[in-house]
>>> print(open('protein_19.pdb').read())   # PDB, C-alpha atoms
ATOM      1  CA  MET A   1     -49.288   4.909  36.679
ATOM      2  CA  SER A   2     -46.356   6.015  34.507
ATOM      3  CA  THR A   3     -45.225   3.445  31.912
ATOM      4  CA  ARG A   4     -42.088   3.532  29.795
ATOM      5  CA  ARG A   5     -43.006   3.580  26.111
ATOM      6  CA  ALA A   6     -40.975   3.090  22.925
ATOM      7  CA  VAL A   7     -42.081   6.155  20.967
ATOM      8  CA  PRO A   8     -41.423   6.668  17.231
ATOM      9  CA  ALA A   9     -39.189   9.676  16.644
ATOM     10  CA  GLY A  10     -38.129   9.363  13.001
ATOM     11  CA  ILE A  11     -38.496   7.232   9.886
ATOM     12  CA  GLY A  12     -36.364   6.753   6.778
ATOM     13  CA  SER A  13     -36.047   4.447   3.797
ATOM     14  CA  TYR A  14     -33.850   3.740   0.810
ATOM     15  CA  LEU A  15     -34.324   2.085  -2.573
ATOM     16  CA  PRO A  16     -31.364   1.311  -4.853
ATOM     17  CA  ALA A  17     -31.013   3.506  -7.924
ATOM     18  CA  GLN A  18     -31.552   0.697 -10.428
ATOM     19  CA  MET A  19     -35.256   0.198 -11.124
ATOM     20  CA  VAL A  20     -36.559  -2.740 -13.163
ATOM     21  CA  THR A  21     -40.064  -2.526 -14.622
ATOM     22  CA  ASN A  22     -42.320  -5.436 -15.501
ATOM     23  CA  GLU A  23     -41.772  -4.677 -19.176
ATOM     24  CA  GLU A  24     -38.013  -4.970 -18.734
ATOM     25  CA  LEU A  25     -38.386  -8.299 -16.920
ATOM     26  CA  SER A  26     -40.601  -9.643 -19.700
ATOM     27  CA  ARG A  27     -37.637  -9.389 -22.095
ATOM     28  CA  THR A  28     -35.711 -12.054 -20.176
ATOM     29  CA  VAL A  29     -38.453 -14.028 -18.379
ATOM     30  CA  ASP A  30     -41.591 -15.649 -19.808
ATOM     31  CA  THR A  31     -44.035 -13.143 -18.317
ATOM     32  CA  THR A  32     -45.930  -9.932 -19.098
ATOM     33  CA  HIS A  33     -46.697  -6.692 -17.315
ATOM     34  CA  ASP A  34     -50.411  -7.538 -17.209
ATOM     35  CA  TRP A  35     -49.776 -11.033 -15.792
ATOM     36  CA  ILE A  36     -47.664  -9.660 -12.938
ATOM     37  CA  VAL A  37     -50.039  -6.795 -12.111
ATOM     38  CA  GLU A  38     -53.138  -9.000 -12.154
ATOM     39  CA  ARG A  39     -51.642 -11.503  -9.712
ATOM     40  CA  THR A  40     -49.545  -9.236  -7.481
ATOM     41  CA  GLY A  41     -50.169  -5.546  -8.085
ATOM     42  CA  ILE A  42     -46.435  -5.026  -8.666
ATOM     43  CA  HIS A  43     -45.277  -2.614 -11.396
ATOM     44  CA  ARG A  44     -41.567  -2.234 -10.626
ATOM     45  CA  ARG A  45     -38.792  -3.219  -8.235
ATOM     46  CA  HIS A  46     -35.349  -1.872  -7.312
ATOM     47  CA  ILE A  47     -32.174  -3.945  -7.541
ATOM     48  CA  ALA A  48     -28.979  -3.312  -5.575
ATOM     49  CA  ALA A  49     -25.973  -2.405  -7.695
ATOM     50  CA  GLU A  50     -22.925  -4.622  -7.956
ATOM     51  CA  GLY A  51     -20.980  -4.166  -4.730
ATOM     52  CA  GLU A  52     -23.970  -2.606  -2.937
ATOM     53  CA  ALA A  53     -24.595  -4.721   0.177
ATOM     54  CA  THR A  54     -27.506  -5.021   2.589
ATOM     55  CA  SER A  55     -25.551  -2.923   5.107
ATOM     56  CA  ASP A  56     -25.223  -0.118   2.540
ATOM     57  CA  LEU A  57     -28.993   0.005   2.051
ATOM     58  CA  ALA A  58     -29.545  -0.119   5.811
ATOM     59  CA  LEU A  59     -27.054   2.690   6.390
ATOM     60  CA  HIS A  60     -28.835   5.018   3.947
ATOM     61  CA  ALA A  61     -32.195   4.342   5.610
ATOM     62  CA  ALA A  62     -30.745   4.743   9.120
ATOM     63  CA  ARG A  63     -29.194   8.117   8.317
ATOM     64  CA  ARG A  64     -32.467   9.367   6.849
ATOM     65  CA  ALA A  65     -34.373   8.186   9.926
ATOM     66  CA  LEU A  66     -31.918   9.937  12.262
ATOM     67  CA  ASP A  67     -32.190  13.127  10.192
ATOM     68  CA  HIS A  68     -35.980  12.921  10.330
ATOM     69  CA  ALA A  69     -35.814  12.482  14.107
ATOM     70  CA  GLY A  70     -33.414  15.404  14.393
ATOM     71  CA  ILE A  71     -30.973  13.457  16.562
ATOM     72  CA  GLY A  72     -27.446  12.109  16.297
ATOM     73  CA  ILE A  73     -26.060   8.634  16.764
ATOM     74  CA  GLY A  74     -25.080   9.552  20.315
ATOM     75  CA  ASP A  75     -28.771   9.290  21.249
ATOM     76  CA  ILE A  76     -28.954   5.679  20.023
ATOM     77  CA  ASP A  77     -27.634   2.800  22.105
ATOM     78  CA  LEU A  78     -29.321  -0.111  20.317
ATOM     79  CA  ILE A  79     -29.541  -1.228  16.687
ATOM     80  CA  VAL A  80     -31.748  -4.190  15.777
ATOM     81  CA  LEU A  81     -31.506  -5.061  12.087
ATOM     82  CA  ALA A  82     -33.963  -7.492  10.520
ATOM     83  CA  THR A  83     -32.631  -9.273   7.446
ATOM     84  CA  ALA A  84     -32.644 -12.647   5.717
ATOM     85  CA  THR A  85     -29.865 -11.510   3.357
ATOM     86  CA  PRO A  86     -26.959 -10.474   5.604
ATOM     87  CA  ASP A  87     -23.634  -9.214   4.251
ATOM     88  CA  GLN A  88     -21.812 -12.163   5.804
ATOM     89  CA  THR A  89     -22.666 -15.318   7.741
ATOM     90  CA  PHE A  90     -21.129 -13.409  10.652
ATOM     91  CA  PRO A  91     -20.659 -10.895  12.150
ATOM     92  CA  ALA A  92     -24.118  -9.362  12.292
ATOM     93  CA  THR A  93     -24.888  -6.853   9.549
ATOM     94  CA  ALA A  94     -26.114  -4.535  12.315
ATOM     95  CA  THR A  95     -22.549  -4.189  13.578
ATOM     96  CA  ARG A  96     -21.413  -3.002  10.150
ATOM     97  CA  VAL A  97     -24.115  -0.332  10.256
ATOM     98  CA  GLN A  98     -23.083   0.525  13.819
ATOM     99  CA  GLN A  99     -19.484   1.085  12.738
ATOM    100  CA  ALA A 100     -20.450   3.091   9.654
ATOM    101  CA  LEU A 101     -22.604   5.396  11.797
ATOM    102  CA  GLY A 102     -19.676   5.987  14.152
ATOM    103  CA  MET A 103     -21.439   4.330  17.077
ATOM    104  CA  SER A 104     -18.809   2.848  19.411
ATOM    105  CA  HIS A 105     -21.151   2.503  22.394
ATOM    106  CA  GLY A 106     -24.240   0.373  23.006
ATOM    107  CA  PHE A 107     -24.951  -2.833  21.108
ATOM    108  CA  ALA A 108     -26.197  -4.068  17.754
ATOM    109  CA  PHE A 109     -27.459  -7.400  16.439
ATOM    110  CA  ASP A 110     -29.517  -9.000  13.672
ATOM    111  CA  VAL A 111     -32.942 -10.647  13.799
ATOM    112  CA  GLN A 112     -33.974 -13.209  11.160
ATOM    113  CA  ALA A 113     -37.700 -13.801  10.664
ATOM    114  CA  VAL A 114     -37.793 -13.156   6.896
ATOM    115  CA  CYS A 115     -40.736 -10.925   5.936
ATOM    116  CA  SER A 116     -41.904 -10.688   9.565
ATOM    117  CA  GLY A 117     -38.450  -9.534  10.589
ATOM    118  CA  PHE A 118     -39.263  -5.877  11.088
ATOM    119  CA  VAL A 119     -42.147  -6.635  13.461
ATOM    120  CA  TYR A 120     -39.936  -9.079  15.370
ATOM    121  CA  ALA A 121     -37.156  -6.468  15.575
ATOM    122  CA  LEU A 122     -39.642  -3.819  16.701
ATOM    123  CA  SER A 123     -40.877  -6.120  19.459
ATOM    124  CA  VAL A 124     -37.329  -6.817  20.676
ATOM    125  CA  ALA A 125     -36.279  -3.151  20.645
ATOM    126  CA  THR A 126     -39.486  -2.132  22.421
ATOM    127  CA  GLN A 127     -38.770  -4.508  25.292
ATOM    128  CA  PHE A 128     -35.237  -3.163  25.716
ATOM    129  CA  ILE A 129     -36.613   0.369  25.914
ATOM    130  CA  GLU A 130     -39.525  -0.506  28.201
ATOM    131  CA  THR A 131     -37.189  -2.234  30.668
ATOM    132  CA  GLY A 132     -34.727   0.659  30.645
ATOM    133  CA  LYS A 133     -31.912  -1.291  28.977
ATOM    134  CA  ALA A 134     -31.869   1.137  26.027
ATOM    135  CA  ARG A 135     -32.660   4.840  25.743
ATOM    136  CA  GLY A 136     -32.957   5.038  21.982
ATOM    137  CA  ALA A 137     -33.037   2.429  19.234
ATOM    138  CA  LEU A 138     -32.732   2.094  15.484
ATOM    139  CA  VAL A 139     -35.005  -0.649  14.156
ATOM    140  CA  ILE A 140     -34.028  -1.483  10.593
ATOM    141  CA  GLY A 141     -35.358  -3.835   7.934
ATOM    142  CA  ALA A 142     -32.963  -4.286   5.001
ATOM    143  CA  GLU A 143     -32.781  -6.852   2.218
ATOM    144  CA  THR A 144     -31.009  -7.674  -1.032
ATOM    145  CA  PHE A 145     -33.313 -10.481  -2.132
ATOM    146  CA  SER A 146     -32.123 -10.080  -5.723
ATOM    147  CA  ARG A 147     -29.025 -12.044  -4.643
ATOM    148  CA  ILE A 148     -31.035 -15.172  -3.726
ATOM    149  CA  LEU A 149     -33.547 -15.204  -6.589
ATOM    150  CA  ASP A 150     -33.599 -17.722  -9.406
ATOM    151  CA  TRP A 151     -34.014 -15.289 -12.297
ATOM    152  CA  SER A 152     -35.260 -18.065 -14.572
ATOM    153  CA  ASP A 153     -38.225 -18.808 -12.271
ATOM    154  CA  ARG A 154     -41.006 -16.423 -13.252
ATOM    155  CA  SER A 155     -43.163 -17.504 -10.308
ATOM    156  CA  THR A 156     -40.703 -15.956  -7.815
ATOM    157  CA  CYS A 157     -38.281 -13.560  -9.502
ATOM    158  CA  VAL A 158     -41.016 -11.074 -10.430
ATOM    159  CA  LEU A 159     -42.188 -10.781  -6.811
ATOM    160  CA  PHE A 160     -39.168  -9.406  -4.964
ATOM    161  CA  GLY A 161     -36.947  -6.348  -4.809
ATOM    162  CA  ASP A 162     -34.234  -4.768  -2.677
ATOM    163  CA  GLY A 163     -34.596  -1.958  -0.160
ATOM    164  CA  ALA A 164     -34.322  -0.791   3.429
ATOM    165  CA  GLY A 165     -36.349   1.093   6.008
ATOM    166  CA  ALA A 166     -35.479   2.332   9.485
ATOM    167  CA  LEU A 167     -37.440   3.572  12.495
ATOM    168  CA  VAL A 168     -36.006   5.564  15.395
ATOM    169  CA  LEU A 169     -37.523   4.760  18.788
ATOM    170  CA  ARG A 170     -36.844   6.635  22.014
ATOM    171  CA  GLY A 171     -37.949   5.971  25.554
ATOM    172  CA  GLU A 172     -40.601   8.289  26.956
ATOM    173  CA  ASP A 173     -42.929   8.042  29.930
ATOM    174  CA  GLY A 174     -46.608   7.459  29.173
ATOM    175  CA  ASN A 175     -49.725   7.145  31.271
ATOM    176  CA  GLY A 176     -49.986   3.386  30.835
ATOM    177  CA  ASN A 177     -53.158   3.400  28.717
ATOM    178  CA  ASN A 178     -53.830   3.016  25.013
ATOM    179  CA  ASP A 179     -53.969   6.781  24.501
ATOM    180  CA  ASP A 180     -50.180   6.871  24.931
ATOM    181  CA  ARG A 181     -47.902   7.492  21.987
ATOM    182  CA  GLY A 182     -45.536   4.655  21.105
ATOM    183  CA  VAL A 183     -45.702   0.888  20.772
ATOM    184  CA  LEU A 184     -48.796  -0.324  22.620
ATOM    185  CA  SER A 185     -48.557  -4.047  21.870
ATOM    186  CA  THR A 186     -46.759  -6.662  19.797
ATOM    187  CA  GLU A 187     -47.751 -10.251  19.048
ATOM    188  CA  LEU A 188     -45.439 -12.817  17.429
ATOM    189  CA  ARG A 189     -46.121 -16.296  16.038
ATOM    190  CA  SER A 190     -44.275 -19.032  14.146
ATOM    191  CA  ASP A 191     -44.947 -22.544  12.861
ATOM    192  CA  GLY A 192     -41.999 -24.493  11.475
ATOM    193  CA  ALA A 193     -44.273 -27.109   9.909
ATOM    194  CA  HIS A 194     -44.581 -24.929   6.792
ATOM    195  CA  ASN A 195     -40.899 -24.726   5.872
ATOM    196  CA  ALA A 196     -41.466 -26.262   2.439
ATOM    197  CA  ALA A 197     -43.941 -23.543   1.404
ATOM    198  CA  LEU A 198     -41.366 -20.736   1.401
ATOM    199  CA  PHE A 199     -37.658 -21.324   1.888
ATOM    200  CA  VAL A 200     -34.158 -20.958   0.456
ATOM    201  CA  ASP A 201     -32.573 -24.183  -0.797
ATOM    202  CA  GLY A 202     -29.149 -23.538   0.699
ATOM    203  CA  GLY A 203     -27.224 -22.534   3.789
ATOM    204  CA  PRO A 204     -23.813 -22.731   5.513
ATOM    205  CA  SER A 205     -24.502 -25.972   7.406
ATOM    206  CA  THR A 206     -26.365 -27.807   4.623
ATOM    207  CA  THR A 207     -25.189 -26.983   1.104
ATOM    208  CA  GLY A 208     -22.428 -24.507   1.900
ATOM    209  CA  ILE A 209     -23.900 -22.017  -0.589
ATOM    210  CA  ALA A 210     -26.507 -19.275  -0.291
ATOM    211  CA  GLY A 211     -29.087 -21.055  -2.453
ATOM    212  CA  HIS A 212     -32.223 -19.684  -4.115
ATOM    213  CA  LEU A 213     -35.676 -18.757  -2.877
ATOM    214  CA  ARG A 214     -38.382 -21.375  -3.490
ATOM    215  CA  MET A 215     -42.087 -20.844  -2.904
ATOM    216  CA  ASN A 216     -45.462 -22.535  -3.162
ATOM    217  CA  GLY A 217     -47.449 -19.391  -3.886
ATOM    218  CA  ARG A 218     -50.899 -20.909  -3.454
ATOM    219  CA  GLU A 219     -50.015 -22.318  -0.032
ATOM    220  CA  VAL A 220     -48.477 -19.029   1.126
ATOM    221  CA  PHE A 221     -51.525 -17.046   0.016
ATOM    222  CA  LYS A 222     -53.908 -19.331   1.899
ATOM    223  CA  HIS A 223     -52.011 -19.061   5.175
ATOM    224  CA  ALA A 224     -51.145 -15.379   4.778
ATOM    225  CA  VAL A 225     -54.691 -14.040   4.768
ATOM    226  CA  ARG A 226     -55.751 -16.124   7.762
ATOM    227  CA  ASN A 227     -52.584 -15.509   9.777
ATOM    228  CA  LEU A 228     -52.395 -11.785   9.094
ATOM    229  CA  ALA A 229     -56.009 -11.193  10.099
ATOM    230  CA  GLU A 230     -55.540 -13.289  13.244
ATOM    231  CA  ILE A 231     -52.342 -11.572  14.346
ATOM    232  CA  GLY A 232     -53.743  -8.118  13.666
ATOM    233  CA  GLU A 233     -56.779  -8.813  15.815
ATOM    234  CA  ALA A 234     -54.589 -10.349  18.553
ATOM    235  CA  ALA A 235     -52.318  -7.304  18.671
ATOM    236  CA  LEU A 236     -55.321  -4.991  18.883
ATOM    237  CA  GLU A 237     -56.901  -7.074  21.629
ATOM    238  CA  SER A 238     -53.648  -6.951  23.614
ATOM    239  CA  ALA A 239     -53.796  -3.158  23.447
ATOM    240  CA  GLY A 240     -57.471  -3.062  24.399
ATOM    241  CA  LEU A 241     -58.442  -1.784  20.976
ATOM    242  CA  ALA A 242     -60.456  -2.864  17.926
ATOM    243  CA  ALA A 243     -60.003  -2.602  14.163
ATOM    244  CA  SER A 244     -62.429   0.322  14.127
ATOM    245  CA  ASP A 245     -59.966   2.309  16.283
ATOM    246  CA  VAL A 246     -57.149   2.001  13.738
ATOM    247  CA  ARG A 247     -56.409   4.982  11.511
ATOM    248  CA  TRP A 248     -53.986   3.144   9.230
ATOM    249  CA  ILE A 249     -52.994  -0.469   8.634
ATOM    250  CA  VAL A 250     -49.408  -0.743   7.371
ATOM    251  CA  PRO A 251     -49.079  -4.341   6.159
ATOM    252  CA  HIS A 252     -46.146  -6.267   4.768
ATOM    253  CA  GLN A 253     -46.027  -5.329   1.090
ATOM    254  CA  ALA A 254     -45.941  -8.750  -0.546
ATOM    255  CA  ASN A 255     -48.955  -8.941  -2.807
ATOM    256  CA  ALA A 256     -51.827  -6.522  -3.385
ATOM    257  CA  ARG A 257     -54.377  -9.362  -3.386
ATOM    258  CA  ILE A 258     -53.182 -10.623   0.013
ATOM    259  CA  ILE A 259     -53.373  -7.086   1.406
ATOM    260  CA  ALA A 260     -56.914  -6.562   0.088
ATOM    261  CA  SER A 261     -58.141  -9.984   1.240
ATOM    262  CA  THR A 262     -56.735  -9.455   4.743
ATOM    263  CA  ALA A 263     -58.374  -6.036   5.034
ATOM    264  CA  GLN A 264     -61.681  -7.528   3.941
ATOM    265  CA  LYS A 265     -61.378 -10.339   6.496
ATOM    266  CA  MET A 266     -60.761  -7.751   9.233
ATOM    267  CA  GLY A 267     -63.619  -5.534   8.047
ATOM    268  CA  VAL A 268     -61.314  -2.618   7.243
ATOM    269  CA  ASP A 269     -61.849  -0.366   4.222
ATOM    270  CA  MET A 270     -58.892  -0.282   1.806
ATOM    271  CA  GLU A 271     -58.870   3.510   2.111
ATOM    272  CA  ARG A 272     -57.295   2.943   5.545
ATOM    273  CA  VAL A 273     -54.563   0.620   4.262
ATOM    274  CA  ILE A 274     -51.125   1.828   3.133
ATOM    275  CA  VAL A 275     -50.154   0.107  -0.132
ATOM    276  CA  THR A 276     -46.782   0.686  -1.829
ATOM    277  CA  VAL A 277     -46.035  -2.784  -3.228
ATOM    278  CA  GLN A 278     -46.566  -1.510  -6.770
ATOM    279  CA  ASP A 279     -43.443   0.647  -6.504
ATOM    280  CA  HIS A 280     -40.898  -1.713  -4.935
ATOM    281  CA  ALA A 281     -42.346  -5.287  -4.909
ATOM    282  CA  ASN A 282     -41.772  -7.523  -1.894
ATOM    283  CA  THR A 283     -38.720  -6.240  -0.002
ATOM    284  CA  SER A 284     -39.210  -8.727   2.856
ATOM    285  CA  ALA A 285     -38.208  -7.209   6.236
ATOM    286  CA  ALA A 286     -37.842  -3.766   4.633
ATOM    287  CA  SER A 287     -41.381  -3.484   3.310
ATOM    288  CA  ILE A 288     -43.251  -2.210   6.384
ATOM    289  CA  PRO A 289     -40.822   0.624   7.207
ATOM    290  CA  LEU A 290     -40.626   1.512   3.491
ATOM    291  CA  ALA A 291     -44.413   1.846   3.327
ATOM    292  CA  LEU A 292     -44.549   3.713   6.630
ATOM    293  CA  ASP A 293     -41.901   6.186   5.471
ATOM    294  CA  VAL A 294     -43.887   6.947   2.314
ATOM    295  CA  ALA A 295     -47.093   7.501   4.297
ATOM    296  CA  VAL A 296     -45.433   9.715   6.913
ATOM    297  CA  ARG A 297     -43.701  11.896   4.351
ATOM    298  CA  ASP A 298     -46.771  12.348   2.140
ATOM    299  CA  GLY A 299     -48.798  13.422   5.177
ATOM    300  CA  ARG A 300     -51.188  10.505   5.496
ATOM    301  CA  VAL A 301     -49.749   9.334   8.818
ATOM    302  CA  ARG A 302     -49.791  12.121  11.398
ATOM    303  CA  ARG A 303     -48.840  12.446  15.030
ATOM    304  CA  GLY A 304     -51.365  10.640  17.218
ATOM    305  CA  ASP A 305     -52.609   8.270  14.492
ATOM    306  CA  LEU A 306     -53.140   4.672  15.623
ATOM    307  CA  LEU A 307     -51.309   2.208  13.364
ATOM    308  CA  LEU A 308     -51.491  -1.554  12.969
ATOM    309  CA  LEU A 309     -48.433  -3.243  11.459
ATOM    310  CA  GLU A 310     -48.672  -6.879  10.319
ATOM    311  CA  ALA A 311     -46.484  -9.278   8.382
ATOM    312  CA  MET A 312     -45.949 -12.942   7.509
ATOM    313  CA  GLY A 313     -42.822 -14.620   6.206
ATOM    314  CA  GLY A 314     -41.149 -17.937   5.501
ATOM    315  CA  GLY A 315     -41.007 -20.449   8.279
ATOM    316  CA  PHE A 316     -43.833 -19.548   8.716
ATOM    317  CA  THR A 317     -43.403 -16.532  10.962
ATOM    318  CA  TRP A 318     -45.964 -13.803  11.471
ATOM    319  CA  GLY A 319     -46.407 -10.834  13.733
ATOM    320  CA  GLY A 320     -48.421  -7.730  14.482
ATOM    321  CA  ALA A 321     -47.801  -4.482  16.333
ATOM    322  CA  VAL A 322     -49.993  -1.591  17.429
ATOM    323  CA  LEU A 323     -48.445   1.817  17.867
ATOM    324  CA  ARG A 324     -49.567   5.382  18.121
ATOM    325  CA  TRP A 325     -47.479   7.669  15.917
TER     326      TRP A 325
END
>>> encode(input="protein_19.pdb", output="structure tokens")
Amino acid sequence: MSTRRAVPAGIGSYLPAQMVTNEELSRTVDTTHDWIVERTGIHRRHIAAEGEATSDLALHAARRALDHAGIGIGDIDLIVLATATPDQTFPATATRVQQALGMSHGFAFDVQAVCSGFVYALSVATQFIETGKARGALVIGAETFSRILDWSDRSTCVLFGDGAGALVLRGEDGNGNNDDRGVLSTELRSDGAHNAALFVDGGPSTTGIAGHLRMNGREVFKHAVRNLAEIGEAALESAGLAASDVRWIVPHQANARIIASTAQKMGVDMERVIVTVQDHANTSAASIPLALDVAVRDGRVRRGDLLLLEAMGGGFTWGGAVLRW
């Protein structure tokens, strides 16, 4: 029986021009290159320029994704933008991207699930396409985490960077089995009991200021490995597949040790895992599409490859998605 699928048509990403290496950070923060690499795998991160907003990063990535897909904005009627660092409290940053792209039709909105945001946004956009409410969608993850970091806190400021990634989805008919191209399953989870492990100490209705990111790294690591393995297996089970069927895992790029530990827990060789965290640090909702863009453009990810996406973020939130490229 024919089934409507949300099929990937193009991918794009953007990193701000300013790059900050570990060595440069060590001149202002009590840290070293070796300390950061040993604990995180990160070598460098990109920082948005003064006046460069989350919507600017998202716009660059969106245009590159549309170019890669070979389509214009007229073929898109939905934009879902995942971000924890919006331009303004309101309106949605997605509407700023919509206007900048010249899209006066359709609809656009933001999703906030921190580092899991892209998977959440992908799940939402997929359902709009599968139900026929959208023909084509831009799913974007974009962040300027540098604006909410405490640059005197070496335990957090070394971990994050700014960036954006975008995926074009279009509706196509499939056969209704897991050989179809497109998104085959998504699984989402959250547990608000862990707010204190990873949060920002501010907000419009509490302090009236943006605040700074705070994290209990040990607690996050413990939950991340367990939750990521669980959600990956759940997403695969929903699609009637197993880890052995996956060509590439594209995880949230937070920490190289978390990525390696999760792969080990799932019984997946690291040669089948896309890792780019060393080049841009943790870019929250942007990290999965950033990594996917790199892997598509360097030829690792090819048409027909089965991918598993997985992420965990503050809240906690976590999510997984299976799609065939």
>>> resolve_selection(input="protein_19.pdb", expression="the PyMOL selection byres ((chain A and resi 199) around 7)", output="PyMOL selection string")
chain A and resi 195-198+200-201+213-215+314
>>> resolve_selection(input="protein_19.pdb", expression="the PyMOL selection byres ((chain A and resi 223-240) around 9)", output="PyMOL selection string")
chain A and resi 177-178+184-189+218-222+241-243+246+251+258-259+261-263+265-266+308-313+316+318-322
>>> residues_around(input="protein_19.pdb", residues="A:Leu57", least_positions_apart="5", cutoff="10 Å", atoms="all atoms listed in the file", output="PyMOL selection string")
chain A and resi 13-16+48+52+62+97+141-144+162-165+286
>>> resolve_selection(input="protein_19.pdb", expression="the PyMOL selection byres ((chain A and resi 255) around 8)", output="list in words")
Arg39, Thr40, Gly41, Ile42, Gln253, Ala254, Ala256, Arg257, Ile258, Ile259, Val277, Ala281 and Asn282 of chain A
>>> residues_around(input="protein_19.pdb", residues="A:Gln99", least_positions_apart="5", cutoff="12 Å", atoms="all atoms listed in the file", output="PyMOL selection string")
chain A and resi 55-56+59+73+79+92-94+104-108
>>> closest_residue(input="protein_19.pdb", among="A:Asn22, A:Gln98, A:Gln88, A:Arg170", to="A:Ala125", atoms="all atoms listed in the file")
A:Arg170
>>> closest_atom_pairs(input="protein_19.pdb", of="stretch 4-122 of chain A", to="stretch 288-296 of chain A", cutoff="12 Å", atoms="all atoms listed in the file", output="CSV")
residue,atom,partner,partner_atom,distance
A:Pro8,CA,A:Leu292,CA,11.4
A:Ala9,CA,A:Val296,CA,11.6
A:Gly10,CA,A:Asp293,CA,9.0
A:Ile11,CA,A:Asp293,CA,5.7
A:Gly12,CA,A:Asp293,CA,5.7
A:Ser13,CA,A:Leu290,CA,5.4
A:Tyr14,CA,A:Leu290,CA,7.6
A:Leu15,CA,A:Leu290,CA,8.8
A:Leu57,CA,A:Leu290,CA,11.8
A:Ala58,CA,A:Pro289,CA,11.4
A:Ala61,CA,A:Leu290,CA,9.1
A:Ala62,CA,A:Pro289,CA,11.1
A:Arg64,CA,A:Asp293,CA,10.1
A:Ala65,CA,A:Asp293,CA,9.0
A:His68,CA,A:Asp293,CA,10.2
A:Leu81,CA,A:Pro289,CA,12.0
A:Ala82,CA,A:Pro289,CA,11.1
A:Cys115,CA,A:Ile288,CA,9.1
A:Ser116,CA,A:Ile288,CA,9.2
A:Gly117,CA,A:Ile288,CA,9.7
A:Phe118,CA,A:Ile288,CA,7.2
A:Val119,CA,A:Ile288,CA,8.4
A:Tyr120,CA,A:Ile288,CA,11.8
A:Ala121,CA,A:Pro289,CA,11.6
A:Leu122,CA,A:Pro289,CA,10.5
>>> write_last_selection(input="protein_19.pdb", atoms="C-alpha atoms", output="JSON list (two decimals), in the frame of the given file")
[["chain", "number", "residue", "atom", "x", "y", "z"],
["A", 8, "PRO", "CA", -41.42, 6.67, 17.23],
["A", 9, "ALA", "CA", -39.19, 9.68, 16.64],
["A", 10, "GLY", "CA", -38.13, 9.36, 13.00],
["A", 11, "ILE", "CA", -38.50, 7.23, 9.89],
["A", 12, "GLY", "CA", -36.36, 6.75, 6.78],
["A", 13, "SER", "CA", -36.05, 4.45, 3.80],
["A", 14, "TYR", "CA", -33.85, 3.74, 0.81],
["A", 15, "LEU", "CA", -34.32, 2.08, -2.57],
["A", 57, "LEU", "CA", -28.99, 0.00, 2.05],
["A", 58, "ALA", "CA", -29.54, -0.12, 5.81],
["A", 61, "ALA", "CA", -32.20, 4.34, 5.61],
["A", 62, "ALA", "CA", -30.74, 4.74, 9.12],
["A", 64, "ARG", "CA", -32.47, 9.37, 6.85],
["A", 65, "ALA", "CA", -34.37, 8.19, 9.93],
["A", 68, "HIS", "CA", -35.98, 12.92, 10.33],
["A", 81, "LEU", "CA", -31.51, -5.06, 12.09],
["A", 82, "ALA", "CA", -33.96, -7.49, 10.52],
["A", 115, "CYS", "CA", -40.74, -10.92, 5.94],
["A", 116, "SER", "CA", -41.90, -10.69, 9.56],
["A", 117, "GLY", "CA", -38.45, -9.53, 10.59],
["A", 118, "PHE", "CA", -39.26, -5.88, 11.09],
["A", 119, "VAL", "CA", -42.15, -6.64, 13.46],
["A", 120, "TYR", "CA", -39.94, -9.08, 15.37],
["A", 121, "ALA", "CA", -37.16, -6.47, 15.58],
["A", 122, "LEU", "CA", -39.64, -3.82, 16.70]]
>>> atom_distance(input="protein_19.pdb", atom1="atom CA of A:Ala69", atom2="atom CA of A:Glu172")
14.3 Å
>>> decode(input="protein_19.pdb", residues="stretch 172-180 of chain A", atoms="N, CA and C atoms", output="JSON list (two decimals), in the first residue's frame")
[["chain", "number", "residue", "atom", "x", "y", "z"],
["A", 172, "GLU", "N", 6.93, 12.32, -0.90],
["A", 172, "GLU", "CA", 6.94, 11.37, -2.01],
["A", 172, "GLU", "C", 6.21, 10.10, -1.57],
["A", 173, "ASP", "N", 5.63, 9.41, -2.51],
["A", 173, "ASP", "CA", 4.94, 8.16, -2.20],
["A", 173, "ASP", "C", 5.94, 7.01, -2.11],
["A", 174, "GLY", "N", 5.82, 6.22, -1.05],
["A", 174, "GLY", "CA", 6.64, 5.02, -0.90],
["A", 174, "GLY", "C", 5.77, 3.78, -0.86],
["A", 175, "ASN", "N", 6.39, 2.65, -0.69],
["A", 175, "ASN", "CA", 5.66, 1.38, -0.67],
["A", 175, "ASN", "C", 5.12, 1.02, 0.70],
["A", 176, "GLY", "N", 5.53, 1.77, 1.72],
["A", 176, "GLY", "CA", 5.04, 1.48, 3.07],
["A", 176, "GLY", "C", 5.87, 0.50, 3.84],
["A", 177, "ASN", "N", 7.08, 0.17, 3.34],
["A", 177, "ASN", "CA", 7.97, -0.74, 4.07],
["A", 177, "ASN", "C", 9.28, -0.03, 4.37],
["A", 178, "ASN", "N", 10.18, -0.72, 5.08],
["A", 178, "ASN", "CA", 11.41, -0.05, 5.49],
["A", 178, "ASN", "C", 12.49, -0.01, 4.42],
["A", 179, "ASP", "N", 12.13, -0.40, 3.19],
["A", 179, "ASP", "CA", 13.02, -0.19, 2.05],
["A", 179, "ASP", "C", 12.79, 1.18, 1.42],
["A", 180, "ASP", "N", 11.73, 1.87, 1.84],
["A", 180, "ASP", "CA", 11.43, 3.20, 1.29],
["A", 180, "ASP", "C", 12.55, 4.17, 1.62]]
